[in-house]
file work-v3.txt (compact mmCIF, C-alpha atoms and all ligand atoms)
# COMPACT_ATOMS: atom_id res chain seq x y z
CA MET R 1424 -6.93 6.58 8.86
CA ALA R 1425 -10.04 7.75 10.64
CA HIS R 1426 -8.56 11.24 10.60
CA PHE R 1427 -8.46 11.21 6.83
CA LEU R 1428 -12.16 10.45 6.63
CA THR R 1429 -13.68 12.39 9.49
CA GLY R 1430 -14.38 15.37 7.28
CA HIS R 1431 -13.35 17.09 4.12
CA GLY R 1432 -11.52 19.75 6.05
CA GLU R 1433 -9.36 17.14 7.71
CA ASN R 1434 -7.90 15.73 4.53
CA GLY R 1435 -5.32 18.39 3.89
CA ARG R 1436 -4.28 18.40 7.52
CA TYR R 1437 -3.87 14.67 7.57
CA LEU R 1438 -1.90 14.67 4.35
CA HIS R 1439 0.34 17.24 5.95
CA LYS R 1440 0.67 15.07 9.03
CA ILE R 1441 1.78 12.16 6.87
CA GLY R 1442 4.66 14.36 5.77
CA LYS R 1443 5.90 15.02 9.28
CA ARG R 1444 8.83 12.67 8.77
CA GLU R 1445 9.87 14.97 5.97
CA ASP R 1446 13.63 14.60 6.01
CA GLU R 1447 13.76 10.86 6.43
CA SER R 1448 13.90 8.35 3.67
CA CYS R 1449 10.90 6.25 2.81
CA VAL R 1450 10.65 2.89 4.59
CA ASP R 1451 9.63 1.30 1.29
CA CYS R 1452 11.74 2.83 -1.46
CA LEU R 1453 14.45 4.91 0.28
CA LEU R 1454 13.55 8.03 -1.67
CA THR R 1455 13.03 11.15 0.39
CA ASP R 1456 9.81 10.58 2.28
CA GLY R 1457 8.40 14.05 1.84
CA LYS R 1458 4.90 15.31 2.23
CA ASP R 1459 2.48 13.13 0.26
CA HIS R 1460 5.22 10.74 -0.80
CA ALA R 1461 3.51 7.48 0.11
CA VAL R 1462 0.15 8.28 -1.45
CA PHE R 1463 1.30 10.15 -4.55
CA GLU R 1464 4.87 9.17 -5.34
CA CYS R 1465 6.15 6.02 -3.71
CA PRO R 1466 6.87 3.31 -6.32
CA ARG R 1467 5.77 0.68 -3.79
CA TRP R 1468 2.17 1.64 -4.53
CA PHE R 1469 2.58 2.12 -8.28
CA GLU R 1470 0.14 -0.61 -9.32
CA GLU R 1471 -2.51 0.22 -6.74
CA ARG R 1472 -2.20 3.93 -7.52
CA ARG R 1473 -2.45 3.35 -11.25
CA GLU R 1474 -5.56 1.24 -10.74
CA ALA R 1475 -7.21 3.89 -8.56
CA PHE R 1476 -6.31 6.69 -10.96
CA SER R 1477 -7.59 4.79 -13.98
CA LYS R 1478 -10.91 4.08 -12.24
CA ILE R 1479 -11.27 7.76 -11.50
CA GLY R 1480 -10.06 8.61 -14.99
CA GLU R 1481 -7.61 11.21 -13.82
CA VAL R 1482 -4.24 11.53 -12.15
CA LEU R 1483 -4.66 12.62 -8.57
CA THR R 1484 -2.39 15.19 -6.99
CA PRO R 1485 -2.23 16.72 -3.52
CA ASP R 1486 -4.03 19.69 -5.06
CA ASN R 1487 -7.03 17.86 -6.49
CA ILE R 1488 -7.48 14.76 -4.33
CA VAL R 1489 -9.90 16.36 -1.88
CA GLN R 1490 -11.94 17.84 -4.71
CA LYS R 1491 -12.07 14.49 -6.51
CA MET R 1492 -13.06 12.68 -3.33
CA CYS R 1493 -15.97 15.02 -2.80
CA GLN R 1494 -17.11 14.82 -6.41
CA ASN R 1495 -19.08 11.61 -6.11
CA GLU R 1496 -19.40 8.49 -3.97
CA THR R 1497 -17.57 6.27 -6.42
CA ASN R 1498 -14.48 8.46 -6.33
CA TRP R 1499 -14.76 8.71 -2.56
CA ARG R 1500 -14.73 4.93 -2.21
CA ILE R 1501 -11.87 4.42 -4.66
CA ILE R 1502 -9.69 7.03 -3.00
CA GLN R 1503 -10.63 5.94 0.51
CA ARG R 1504 -9.70 2.37 -0.35
CA PHE R 1505 -6.35 3.33 -1.84
CA VAL R 1506 -5.39 5.77 0.91
CA THR R 1507 -6.47 3.35 3.63
CA LEU R 1508 -4.28 0.68 2.09
CA VAL R 1509 -1.25 2.96 1.82
CA ILE R 1510 -1.58 4.67 5.18
CA GLY R 1511 -2.67 1.54 7.02
CA THR R 1512 0.27 -0.44 5.73
CA ARG R 1513 2.62 2.43 6.43
CA GLU R 1514 1.40 2.85 10.01
CA ARG R 1515 1.85 -0.82 10.70
CA THR R 1516 5.36 -0.66 9.25
CA CYS R 1517 6.28 2.33 11.42
CA ILE R 1518 4.94 0.67 14.56
CA ARG R 1519 6.86 -2.48 13.74
CA ASP R 1520 10.08 -0.53 13.10
CA ARG R 1521 9.80 1.24 16.43
CA GLY R 1522 9.55 -2.16 18.09
ZN ZN Z 1 8.59 5.46 -0.97

call {"tool": "encode", "arguments": {"input": "work-v3.txt", "output": "structure tokens"}}
result
Amino acid sequence: MAHFLTGHGENGRYLHKIGKREDESCVDCLLTDGKDHAVFECPRWFEERREAFSKIGEVLTPDNIVQKMCQNETNWRIIQRFVTLVIGTRERTCIRDRG
């Protein structure tokens, strides 16, 4: 998660990194776990995502998330919180699955 927050320029790279398991199915929903799936698509995070989007007042996409994050501190905190939750949970799941 630190990578996601170390700088604005890192965000896109980290989002890309999340998608490195591109041809595998999602550990949570079994849909194709493509680039940006967990943060933007996975139904597992539907409620949390909806809450974050409604606080920001806009639907976030891979194209506008960095821009929205940089717009103001409130957005930054909302997005950081949501992404940390998704990625943090996901990383723990992956570590657990590897044994
Ligand atoms: Zn999923």

call {"tool": "residues_near_ligand", "arguments": {"input": "work-v3.txt", "ligand": "ligand ZN 1 (chain Z)", "cutoff": "8 Å", "atoms": "only C-alpha atoms and all ligand atoms", "output": "NGL selection string"}}
result
:R and (1448-1456 or 1460-1461 or 1464-1467)

call {"tool": "atom_distance", "arguments": {"input": "work-v3.txt", "atom1": "CA of Pro1485 in chain R", "atom2": "CA of Thr1516 in chain R"}}
result
22.9 Å

call {"tool": "atom_distance", "arguments": {"input": "work-v3.txt", "atom1": "CA of Gly1457 in chain R", "atom2": "CA of Gly1480 in chain R"}}
result
25.6 Å

call {"tool": "atom_distance", "arguments": {"input": "work-v3.txt", "atom1": "CA of Ile1501 in chain R", "atom2": "CA of Ala1475 in chain R"}}
result
6.1 Å

call {"tool": "closest_residue", "arguments": {"input": "work-v3.txt", "among": "R:Ile1479, R:Asp1486, R:Lys1458, R:Glu1447", "to": "Ile1502 in chain R", "atoms": "all atoms listed in the file"}}
result
R:Ile1479

call {"tool": "axis_aligned_box", "arguments": {"input": "work-v3.txt", "around": "range 1478-1481 of chain R", "padding_each_side": "8 Å", "output": "AutoDock Vina command-line options"}}
result
--center_x -9.4 --center_y 7.6 --center_z -13.2 --size_x 19.7 --size_y 23.1 --size_z 19.5
